[in-house]
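Shown next: protein-v5.cif, given as mmCIF, C-alpha atoms and all ligand atoms.
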```cif
data_upload
loop_
_atom_site.group_PDB
_atom_site.id
_atom_site.type_symbol
_atom_site.label_atom_id
_atom_site.label_comp_id
_atom_site.auth_asym_id
_atom_site.auth_seq_id
_atom_site.Cartn_x
_atom_site.Cartn_y
_atom_site.Cartn_z
ATOM 1 C CA MET C 713 54.916 170.766 47.625
ATOM 2 C CA ASP C 714 57.497 171.432 44.966
ATOM 3 C CA LYS C 715 56.849 169.760 41.628
ATOM 4 C CA TYR C 716 60.478 168.693 41.416
ATOM 5 C CA PRO C 717 62.886 168.287 44.339
ATOM 6 C CA MET C 718 64.884 171.507 44.689
ATOM 7 C CA SER C 719 67.946 169.257 45.085
ATOM 8 C CA ASP C 720 67.693 168.635 41.296
ATOM 9 C CA PHE C 721 69.003 172.198 40.862
ATOM 10 C CA LYS C 722 72.355 173.772 41.618
ATOM 11 C CA LYS C 723 70.763 177.205 41.829
ATOM 12 C CA ILE C 724 67.987 179.373 40.452
ATOM 13 C CA VAL C 725 69.478 181.368 37.561
ATOM 14 C CA VAL C 726 66.474 183.533 36.613
ATOM 15 C CA PRO C 727 63.648 183.748 39.173
ATOM 16 C CA GLU C 728 60.043 184.128 38.063
ATOM 17 C CA GLY C 729 59.874 187.851 38.829
ATOM 18 C CA GLU C 730 62.988 188.621 36.817
ATOM 19 C CA ILE C 731 61.694 186.596 33.847
ATOM 20 C CA LYS C 732 58.584 188.802 33.854
ATOM 21 C CA GLN C 733 60.727 191.959 33.796
ATOM 22 C CA VAL C 734 62.946 190.649 30.991
ATOM 23 C CA VAL C 735 59.987 189.509 28.871
ATOM 24 C CA SER C 736 58.218 192.805 29.345
ATOM 25 C CA ARG C 737 61.347 194.773 28.326
ATOM 26 C CA LEU C 738 61.800 192.590 25.222
ATOM 27 C CA ALA C 739 58.123 192.960 24.320
ATOM 28 C CA GLY C 740 58.557 196.747 24.433
ATOM 29 C CA GLU C 741 61.627 196.666 22.166
ATOM 30 C CA ILE C 742 59.914 194.332 19.702
ATOM 31 C CA SER C 743 56.713 196.385 19.659
ATOM 32 C CA GLY C 744 58.741 199.507 18.830
ATOM 33 C CA HIS C 745 60.571 197.767 16.014
ATOM 34 C CA TYR C 746 57.496 196.207 14.387
ATOM 35 C CA ALA C 747 54.984 199.063 14.618
ATOM 36 C CA GLU C 748 52.872 199.196 11.414
ATOM 37 C CA LYS C 749 54.355 195.901 10.155
ATOM 38 C CA LYS C 750 52.843 192.523 9.344
ATOM 39 C CA LEU C 751 54.573 190.437 11.993
ATOM 40 C CA LEU C 752 54.795 186.663 12.340
ATOM 41 C CA VAL C 753 56.354 185.489 15.598
ATOM 42 C CA CYS C 754 57.694 182.046 14.873
ATOM 43 C CA GLY C 755 58.669 179.905 17.871
ATOM 44 C CA ILE C 756 61.100 177.020 17.760
ATOM 45 C CA LEU C 757 59.490 173.891 19.203
ATOM 46 C CA LYS C 758 59.346 172.880 21.852
ATOM 47 C CA GLY C 759 61.489 175.145 24.032
ATOM 48 C CA ALA C 760 60.023 178.479 22.922
ATOM 49 C CA PHE C 761 56.411 177.710 23.807
ATOM 50 C CA VAL C 762 56.308 179.261 27.294
ATOM 51 C CA PHE C 763 58.418 182.328 26.473
ATOM 52 C CA MET C 764 56.517 183.020 23.259
ATOM 53 C CA ALA C 765 53.123 182.784 24.938
ATOM 54 C CA ASP C 766 54.193 185.421 27.476
ATOM 55 C CA LEU C 767 56.025 187.554 24.902
ATOM 56 C CA VAL C 768 53.144 188.020 22.442
ATOM 57 C CA ARG C 769 50.766 188.875 25.295
ATOM 58 C CA HIS C 770 53.116 191.619 26.519
ATOM 59 C CA MET C 771 53.560 193.101 23.038
ATOM 60 C CA THR C 772 51.530 196.170 22.110
ATOM 61 C CA VAL C 773 51.522 195.474 18.361
ATOM 62 C CA PRO C 774 49.520 192.670 16.726
ATOM 63 C CA ALA C 775 51.345 189.520 15.730
ATOM 64 C CA GLN C 776 50.356 186.263 14.122
ATOM 65 C CA VAL C 777 52.039 183.162 15.517
ATOM 66 C CA SER C 778 53.530 180.038 14.068
ATOM 67 C CA PHE C 779 55.942 177.307 15.083
ATOM 68 C CA ILE C 780 58.923 175.697 13.474
ATOM 69 C CA LYS C 781 60.488 172.393 14.346
ATOM 70 C CA ALA C 782 64.237 172.827 14.143
ATOM 71 C CA SER C 783 67.161 171.509 16.102
ATOM 72 C CA SER C 784 70.922 171.501 15.881
ATOM 73 C CA TYR C 785 71.123 168.988 18.688
ATOM 74 C CA GLY C 786 71.265 165.224 18.302
ATOM 75 C CA SER C 787 70.282 163.230 21.361
ATOM 76 C CA GLY C 788 73.350 164.370 23.310
ATOM 77 C CA SER C 789 74.001 167.763 24.836
ATOM 78 C CA SER C 790 76.368 169.355 22.324
ATOM 79 C CA SER C 791 75.472 170.891 18.991
ATOM 80 C CA SER C 792 76.289 169.064 15.754
ATOM 81 C CA GLY C 793 76.234 172.217 13.611
ATOM 82 C CA GLU C 794 73.664 170.653 11.310
ATOM 83 C CA VAL C 795 70.127 171.971 11.566
ATOM 84 C CA LYS C 796 67.205 169.663 10.995
ATOM 85 C CA ILE C 797 64.026 171.527 9.974
ATOM 86 C CA GLU C 798 60.816 169.510 9.932
ATOM 87 C CA GLN C 799 57.952 171.983 10.097
ATOM 88 C CA PHE C 800 57.864 175.629 9.029
ATOM 89 C CA PRO C 801 55.450 178.434 8.002
ATOM 90 C CA ASP C 802 53.980 178.381 4.504
ATOM 91 C CA VAL C 803 55.683 180.992 2.308
ATOM 92 C CA ALA C 804 52.473 181.299 0.237
ATOM 93 C CA VAL C 805 50.728 182.607 3.377
ATOM 94 C CA TYR C 806 53.527 184.398 5.259
ATOM 95 C CA GLY C 807 55.994 185.361 2.500
ATOM 96 C CA ASP C 808 55.302 189.097 2.893
ATOM 97 C CA PHE C 809 55.376 189.074 6.717
ATOM 98 C CA ASP C 810 58.312 190.202 8.834
ATOM 99 C CA ILE C 811 59.361 187.078 10.687
ATOM 100 C CA LEU C 812 60.685 187.058 14.224
ATOM 101 C CA VAL C 813 62.159 183.660 15.024
ATOM 102 C CA THR C 814 61.954 183.126 18.770
ATOM 103 C CA ASP C 815 63.778 180.616 20.941
ATOM 104 C CA ASP C 816 64.322 179.900 24.614
ATOM 105 C CA ILE C 817 68.120 180.075 24.502
ATOM 106 C CA LEU C 818 70.931 181.017 22.150
ATOM 107 C CA ASP C 819 73.853 178.671 22.592
ATOM 108 C CA THR C 820 76.262 177.793 19.744
ATOM 109 C CA GLY C 821 74.075 179.792 17.331
ATOM 110 C CA HIS C 822 73.877 176.962 14.793
ATOM 111 C CA THR C 823 70.083 176.730 14.956
ATOM 112 C CA PHE C 824 69.510 180.436 14.165
ATOM 113 C CA PHE C 825 72.290 180.380 11.565
ATOM 114 C CA GLY C 826 70.698 177.447 9.735
ATOM 115 C CA LEU C 827 67.254 179.012 9.932
ATOM 116 C CA ARG C 828 68.422 182.319 8.472
ATOM 117 C CA ASP C 829 69.644 180.513 5.329
ATOM 118 C CA PHE C 830 66.535 178.358 5.232
ATOM 119 C CA PHE C 831 64.091 181.298 5.400
ATOM 120 C CA ALA C 832 66.045 183.255 2.796
ATOM 121 C CA ALA C 833 66.114 180.260 0.431
ATOM 122 C CA LYS C 834 62.338 179.792 0.821
ATOM 123 C CA GLY C 835 61.818 183.426 -0.226
ATOM 124 C CA PHE C 836 60.744 185.075 3.064
ATOM 125 C CA SER C 837 61.459 188.786 2.924
ATOM 126 C CA SER C 838 62.618 189.654 6.423
ATOM 127 C CA VAL C 839 63.859 187.503 9.306
ATOM 128 C CA GLU C 840 65.148 188.606 12.707
ATOM 129 C CA PHE C 841 65.927 186.575 15.828
ATOM 130 C CA CYS C 842 64.980 186.757 19.484
ATOM 131 C CA ALA C 843 66.182 184.601 22.392
ATOM 132 C CA LEU C 844 65.178 184.872 26.029
ATOM 133 C CA LEU C 845 68.573 183.645 27.229
ATOM 134 C CA ASP C 846 72.051 183.767 25.753
ATOM 135 C CA LYS C 847 75.215 181.847 26.627
ATOM 136 C CA PRO C 848 77.787 184.008 24.770
ATOM 137 C CA GLU C 849 80.742 181.837 25.842
ATOM 138 C CA ARG C 850 79.356 178.961 23.787
ATOM 139 C CA ARG C 851 78.968 180.797 20.455
ATOM 140 C CA GLU C 852 80.351 179.086 17.334
ATOM 141 C CA ALA C 853 78.228 180.549 14.524
ATOM 142 C CA ASP C 854 78.348 184.238 13.654
ATOM 143 C CA ILE C 855 74.686 185.232 13.708
ATOM 144 C CA PRO C 856 73.339 188.672 14.639
ATOM 145 C CA VAL C 857 70.490 188.355 17.151
ATOM 146 C CA LYS C 858 68.487 191.562 17.449
ATOM 147 C CA PHE C 859 66.582 190.827 20.655
ATOM 148 C CA ILE C 860 68.244 189.151 23.635
ATOM 149 C CA GLY C 861 66.660 188.869 27.070
ATOM 150 C CA LYS C 862 69.504 188.007 29.416
ATOM 151 C CA GLN C 863 73.030 186.694 29.159
ATOM 152 C CA ILE C 864 73.879 183.823 31.465
ATOM 153 C CA ALA C 865 77.007 181.833 32.334
ATOM 154 C CA ASN C 866 77.935 178.627 30.576
ATOM 155 C CA GLU C 867 75.857 176.126 32.536
ATOM 156 C CA PHE C 868 73.036 173.825 31.535
ATOM 157 C CA VAL C 869 69.711 175.374 32.525
ATOM 158 C CA VAL C 870 66.133 174.113 32.609
ATOM 159 C CA GLY C 871 62.660 175.519 33.188
ATOM 160 C CA TYR C 872 60.345 178.044 31.494
ATOM 161 C CA GLY C 873 60.311 175.849 28.363
ATOM 162 C CA LEU C 874 63.884 174.552 28.600
ATOM 163 C CA ASP C 875 64.241 170.837 29.153
ATOM 164 C CA TYR C 876 66.634 168.097 30.087
ATOM 165 C CA GLY C 877 65.437 164.860 28.499
ATOM 166 C CA GLU C 878 61.957 166.466 28.107
ATOM 167 C CA LYS C 879 61.715 167.175 31.861
ATOM 168 C CA TYR C 880 61.453 170.525 33.670
ATOM 169 C CA ARG C 881 59.825 172.566 30.822
ATOM 170 C CA ASP C 882 56.913 173.224 33.181
ATOM 171 C CA LEU C 883 58.913 175.124 35.814
ATOM 172 C CA PRO C 884 58.029 178.828 36.175
ATOM 173 C CA PHE C 885 61.712 179.807 36.731
ATOM 174 C CA VAL C 886 65.067 178.981 35.105
ATOM 175 C CA ALA C 887 67.503 176.882 37.141
ATOM 176 C CA ALA C 888 70.936 175.326 36.623
ATOM 177 C CA LEU C 889 70.669 171.576 36.727
ATOM 178 C CA ASP C 890 72.657 169.855 39.449
ATOM 179 C CA ASP C 891 75.647 167.834 38.202
ATOM 180 C CA LYS C 892 74.294 164.664 39.776
ATOM 181 C CA ILE C 893 71.247 164.831 37.421
ATOM 182 C CA ILE C 894 73.387 165.482 34.326
ATOM 183 C CA ASN C 895 75.686 162.578 35.134
ATOM 184 C CA LEU C 896 72.869 160.107 35.834
HETATM 185 P P1 LIG N 901 72.226 176.353 19.388
HETATM 186 O O1 LIG N 901 71.926 175.964 17.988
HETATM 187 O O2 LIG N 901 73.470 175.683 19.888
HETATM 188 O O3 LIG N 901 72.243 177.833 19.615
HETATM 189 O O4 LIG N 901 71.125 175.666 20.253
HETATM 190 C C1 LIG N 901 70.027 176.257 20.823
HETATM 191 C C2 LIG N 901 69.150 175.131 21.329
HETATM 192 O O5 LIG N 901 69.898 174.268 22.187
HETATM 193 C C3 LIG N 901 68.013 175.654 22.182
HETATM 194 O O6 LIG N 901 66.847 175.769 21.401
HETATM 195 C C4 LIG N 901 67.844 174.581 23.216
HETATM 196 O O7 LIG N 901 66.922 173.624 22.717
HETATM 197 C C5 LIG N 901 69.174 173.899 23.326
HETATM 198 N N1 LIG N 901 69.938 174.339 24.518
HETATM 199 C C6 LIG N 901 71.086 175.036 24.541
HETATM 200 N N2 LIG N 901 71.510 175.277 25.795
HETATM 201 C C7 LIG N 901 70.572 174.704 26.591
HETATM 202 C C8 LIG N 901 70.431 174.618 28.040
HETATM 203 O O8 LIG N 901 71.234 175.122 28.842
HETATM 204 N N3 LIG N 901 69.334 173.952 28.481
HETATM 205 C C9 LIG N 901 68.415 173.386 27.650
HETATM 206 N N4 LIG N 901 68.502 173.458 26.321
HETATM 207 C C10 LIG N 901 69.586 174.101 25.788
HETATM 208 MG MG MG N 902 65.532 174.172 21.252
#
```

Starting from the file, lay out its structure as structure tokens.
Ligand code: IMP
Ligand code: MG
Amino acid sequence: MDKYPMSDFKKIVVPEGEIKQVVSRLAGEISGHYAEKKLLVCGILKGAFVFMADLVRHMTVPAQVSFIKASSYGSGSSSSGEVKIEQFPDVAVYGDFDILVTDDILDTGHTFFGLRDFFAAKGFSSVEFCALLDKPERREADIPVKFIGKQIANEFVVGYGLDYGEKYRDLPFVAALDDKIINL
């Protein structure tokens, strides 16, 4: 039996098999870039947890892991532009690491933009960004993102870490949420 009724979804946007291919390609690119480096992969809670777990296991270079609590979203579904950061790696421990901030999806870009300033101000030496998914049509902040998995259309998606009201993070694929769920 399906965990959630398939009628909750408009369509499957990235099936499980394609996610595996995308993650494995990204892991290869990242491993090439960070060979011989001290790397800290830093996931943005909570959405990055599934992607990051798969990503670091596909990488062929060692990485330490950490999480940051940051959001540019209030309780609604559009970005405020302000980034709230509540939990982050200790610069005394990780200051000389190359940091790869990892998220499930790049949307307006405000979260990454805010984090770049934050990490620089704290004294971290190098910060790059990685997102599994990207909605380029939605971009507001000008932030270079070195590693992008897959560009998707401007629709609200869930699964593989992505949520709607904390639901659907536990799906193995990425799906567009049906309008009837969004308008509930
Ligand atoms: P940004 O700061 O606008 O780039 O926001 C990125 C964050 O917004 C992600 O970490 C997600 O938490 C959330 N987000 C953006 N688009 C979606 C979506 O389609 N589904 C679920 N969460 C989303
Ligand atoms: Mg998020």

Closest atom pairs, chain C residues within 7 Å of ligand LIG 901 (chain N), all atoms listed in the file, as a Markdown table:
```
| residue | atom | partner | partner_atom | distance |
| --- | --- | --- | --- | --- |
| C:Ile756 | CA | N:LIG901 | O6 | 6.9 |
| C:Gly759 | CA | N:LIG901 | O7 | 5.8 |
| C:Ser783 | CA | N:LIG901 | C2 | 6.7 |
| C:Ser784 | CA | N:LIG901 | O1 | 5.0 |
| C:Tyr785 | CA | N:LIG901 | O5 | 6.5 |
| C:Ser791 | CA | N:LIG901 | O2 | 5.3 |
| C:Asp815 | CA | N:LIG901 | O6 | 5.8 |
| C:Asp816 | CA | N:LIG901 | O6 | 5.8 |
| C:Ile817 | CA | N:LIG901 | C3 | 5.0 |
| C:Leu818 | CA | N:LIG901 | O3 | 4.3 |
| C:Asp819 | CA | N:LIG901 | O3 | 3.5 |
| C:Thr820 | CA | N:LIG901 | O2 | 3.5 |
| C:Gly821 | CA | N:LIG901 | O3 | 3.5 |
| C:His822 | CA | N:LIG901 | O1 | 3.9 |
| C:Thr823 | CA | N:LIG901 | O1 | 3.6 |
| C:Phe824 | CA | N:LIG901 | O1 | 6.4 |
| C:Glu867 | CA | N:LIG901 | O8 | 6.0 |
| C:Phe868 | CA | N:LIG901 | O8 | 3.5 |
| C:Val869 | CA | N:LIG901 | O8 | 4.0 |
| C:Val870 | CA | N:LIG901 | N3 | 5.2 |
| C:Leu874 | CA | N:LIG901 | C9 | 4.8 |
| C:Asp875 | CA | N:LIG901 | C9 | 5.1 |
| C:Tyr876 | CA | N:LIG901 | C9 | 6.1 |
```

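Counting from atom CA of Lys750 of chain C, the distance to atom CA of Asp810 of chain C is 6.0 Å.
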
* To do: Starting from the shown file, work through the PyMOL selection byres (((chain C and resi 724) around 10) and not hetatm) and note down what comes out as a count of residues only.
  => 16

At a cut-off of 10 Å around the point (56.9, 180.5, 2.4) (file coordinates), what residues fall inside when counting all atoms listed in the file? I'd like the answer as a CSV table (one decimal) with C-alpha atoms, in the frame of the given file.
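The resulting out33.csv:
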```csv
chain,number,residue,atom,x,y,z
C,800,PHE,CA,57.9,175.6,9.0
C,801,PRO,CA,55.4,178.4,8.0
C,802,ASP,CA,54.0,178.4,4.5
C,803,VAL,CA,55.7,181.0,2.3
C,804,ALA,CA,52.5,181.3,0.2
C,805,VAL,CA,50.7,182.6,3.4
C,806,TYR,CA,53.5,184.4,5.3
C,807,GLY,CA,56.0,185.4,2.5
C,808,ASP,CA,55.3,189.1,2.9
C,809,PHE,CA,55.4,189.1,6.7
C,831,PHE,CA,64.1,181.3,5.4
C,832,ALA,CA,66.0,183.3,2.8
C,833,ALA,CA,66.1,180.3,0.4
C,834,LYS,CA,62.3,179.8,0.8
C,835,GLY,CA,61.8,183.4,-0.2
C,836,PHE,CA,60.7,185.1,3.1
C,837,SER,CA,61.5,188.8,2.9
```

* To do: For atom CA of Ile731 of chain C and atom CA of Lys781 of chain C, quote the distance in Å rounded to one decimal.
  => 24.2 Å

* Quick one: everything within 9 Å of Ile797 of chain C, counting only C-alpha atoms, minus sequence neighbours fewer than 6 positions away in the same chain. Send it as a ChimeraX atom specification. => /C:780-783,826-827,830

* State, in Å with one decimal place, the distance from atom CA of Lys892 of chain C to atom CA of Ala865 of chain C. => 18.9 Å

Around all of segment 860-875 of chain C's listed atoms, make the axis-aligned box with 8 Å on each side and tell me centre and edge lengths in Å to one decimal, as lines of an AutoDock Vina configuration file.
```
center_x = 69.1
center_y = 180.0
center_z = 28.4
size_x = 33.6
size_y = 34.3
size_z = 25.6
```

* From C:Gln799, C:Ser838, C:Thr814, C:Asn895, residue lying nearest Val777 of chain C [only C-alpha atoms] ->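 Closest to Val777 of chain C of all the choices is C:Thr814.
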
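With only C-alpha atoms and all ligand atoms as the atoms that count, the residue of C:Asp720, C:Glu741, C:Asp891, C:Glu878 with the shortest distance to ligand MG 902 (chain N) is C:Glu878.
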
* Asked: Out of C:Pro848, C:Pro884, C:Gly793, C:Gly873, which residue has the shortest atom-to-atom distance to ligand MG 902 (chain N) when counting all atoms listed in the file?
  -> C:Gly873

* Asked: Which one of C:Pro717, C:Leu767, C:Gly755, C:Val735 sits closest to ligand MG 902 (chain N) if you count only C-alpha atoms and all ligand atoms?
  ->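 Among C:Pro717, C:Leu767, C:Gly755, C:Val735, it is C:Gly755 that comes nearest to ligand MG 902 (chain N).
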
* I need the residue set behind the PyMOL selection byres (((chain C and resi 854-857) around 7) and not hetatm) for this file; please write it as an MDAnalysis selection string. => chainID C and resid 821 825 840:842 852:853 858:860

* **Within-8 Å shell of (68.4, 187.8, 33.6) in input frame, only C-alpha atoms, as a ChimeraX atom specification** => /C:725-726,730-731,734,845,861-864

Please write C-alpha atoms of segment 720-831 of chain C, from the structure given just now, as a short mmCIF file (atom, residue, chain, number, x, y, z; two decimals), in the first residue's frame.
```cif
data_model
loop_
_atom_site.label_atom_id
_atom_site.label_comp_id
_atom_site.auth_asym_id
_atom_site.auth_seq_id
_atom_site.Cartn_x
_atom_site.Cartn_y
_atom_site.Cartn_z
CA ASP C 720 -2.09 13.90 -3.21
CA PHE C 721 0.30 14.44 -6.14
CA LYS C 722 -0.15 16.09 -9.51
CA LYS C 723 2.75 14.11 -10.94
CA ILE C 724 6.09 12.55 -10.09
CA VAL C 725 8.76 15.13 -10.96
CA VAL C 726 11.92 13.12 -10.18
CA PRO C 727 11.50 9.34 -9.83
CA GLU C 728 13.67 7.35 -7.44
CA GLY C 729 15.96 6.00 -10.16
CA GLU C 730 16.66 9.44 -11.58
CA ILE C 731 17.42 10.83 -8.10
CA LYS C 732 20.07 8.11 -7.73
CA GLN C 733 21.66 9.09 -11.05
CA VAL C 734 21.64 12.81 -10.20
CA VAL C 735 23.10 12.25 -6.72
CA SER C 736 25.80 10.00 -8.07
CA ARG C 737 26.77 12.56 -10.75
CA LEU C 738 26.90 15.35 -8.14
CA ALA C 739 28.96 13.17 -5.79
CA GLY C 740 31.49 12.67 -8.61
CA GLU C 741 31.75 16.41 -9.32
CA ILE C 742 32.12 17.23 -5.62
CA SER C 743 34.72 14.51 -5.07
CA GLY C 744 36.79 15.92 -7.95
CA HIS C 745 36.60 19.44 -6.58
CA TYR C 746 37.49 18.56 -2.98
CA ALA C 747 40.27 16.00 -3.49
CA GLU C 748 43.01 16.52 -0.85
CA LYS C 749 40.88 19.08 1.04
CA LYS C 750 39.43 19.17 4.54
CA LEU C 751 35.75 19.12 3.67
CA LEU C 752 32.73 19.80 5.88
CA VAL C 753 29.39 19.04 4.22
CA CYS C 754 26.88 21.18 6.05
CA GLY C 755 23.20 20.36 5.50
CA ILE C 756 20.35 22.78 6.02
CA LEU C 757 17.77 21.28 8.38
CA LYS C 758 15.50 19.64 7.90
CA GLY C 759 15.10 19.34 4.13
CA ALA C 760 18.68 18.33 3.31
CA PHE C 761 18.82 15.26 5.54
CA VAL C 762 17.88 12.61 2.96
CA PHE C 763 19.88 14.08 0.07
CA MET C 764 22.95 14.65 2.22
CA ALA C 765 22.93 11.12 3.60
CA ASP C 766 22.95 9.73 0.05
CA LEU C 767 25.41 12.33 -1.25
CA VAL C 768 28.21 11.73 1.28
CA ARG C 769 27.92 7.96 0.80
CA HIS C 770 28.38 8.34 -2.97
CA MET C 771 31.39 10.64 -2.60
CA THR C 772 34.86 9.16 -3.00
CA VAL C 773 36.61 11.74 -0.80
CA PRO C 774 36.24 11.89 2.99
CA ALA C 775 33.94 14.50 4.46
CA GLN C 776 32.88 15.47 7.94
CA VAL C 777 29.23 16.40 8.35
CA SER C 778 27.33 19.05 10.21
CA PHE C 779 23.92 20.69 10.12
CA ILE C 780 22.71 24.24 10.17
CA LYS C 781 19.26 25.47 11.02
CA ALA C 782 18.42 28.26 8.62
CA SER C 783 15.30 29.38 6.85
CA SER C 784 14.14 32.28 4.74
CA TYR C 785 10.57 31.09 4.99
CA GLY C 786 8.03 32.19 7.57
CA SER C 787 5.09 29.87 8.05
CA GLY C 788 3.70 30.61 4.59
CA SER C 789 5.02 29.43 1.25
CA SER C 790 6.87 32.48 -0.04
CA SER C 791 10.29 33.70 1.02
CA SER C 792 10.63 36.77 3.24
CA GLY C 793 14.22 37.50 2.18
CA GLU C 794 15.34 37.43 5.80
CA VAL C 795 17.35 34.42 6.89
CA LYS C 796 17.01 33.11 10.41
CA ILE C 797 20.06 31.08 11.53
CA GLU C 798 19.71 29.16 14.78
CA GLN C 799 22.38 26.47 14.76
CA PHE C 800 25.69 26.38 12.89
CA PRO C 801 29.16 24.73 12.94
CA ASP C 802 31.72 25.95 15.46
CA VAL C 803 34.35 28.11 13.74
CA ALA C 804 36.91 27.05 16.39
CA VAL C 805 36.56 23.47 15.10
CA TYR C 806 35.77 23.94 11.40
CA GLY C 807 37.29 27.35 10.58
CA ASP C 808 39.99 25.85 8.34
CA PHE C 809 37.65 23.42 6.54
CA ASP C 810 36.20 23.96 3.08
CA ILE C 811 32.47 24.14 3.67
CA LEU C 812 29.88 22.80 1.26
CA VAL C 813 26.44 24.03 2.27
CA THR C 814 23.87 21.54 1.01
CA ASP C 815 20.13 21.95 0.59
CA ASP C 816 17.23 20.10 -0.95
CA ILE C 817 16.13 22.91 -3.26
CA LEU C 818 17.26 26.32 -4.46
CA ASP C 819 14.31 28.63 -4.84
CA THR C 820 14.56 32.42 -4.36
CA GLY C 821 18.20 32.00 -3.27
CA HIS C 822 17.75 34.07 -0.11
CA THR C 823 18.77 31.24 2.21
CA PHE C 824 22.12 30.60 0.46
CA PHE C 825 22.70 34.34 0.06
CA GLY C 826 22.21 34.95 3.78
CA LEU C 827 24.40 31.99 4.69
CA ARG C 828 27.27 33.15 2.49
CA ASP C 829 27.44 36.45 4.42
CA PHE C 830 26.99 34.66 7.72
CA PHE C 831 29.85 32.19 7.14
#
```
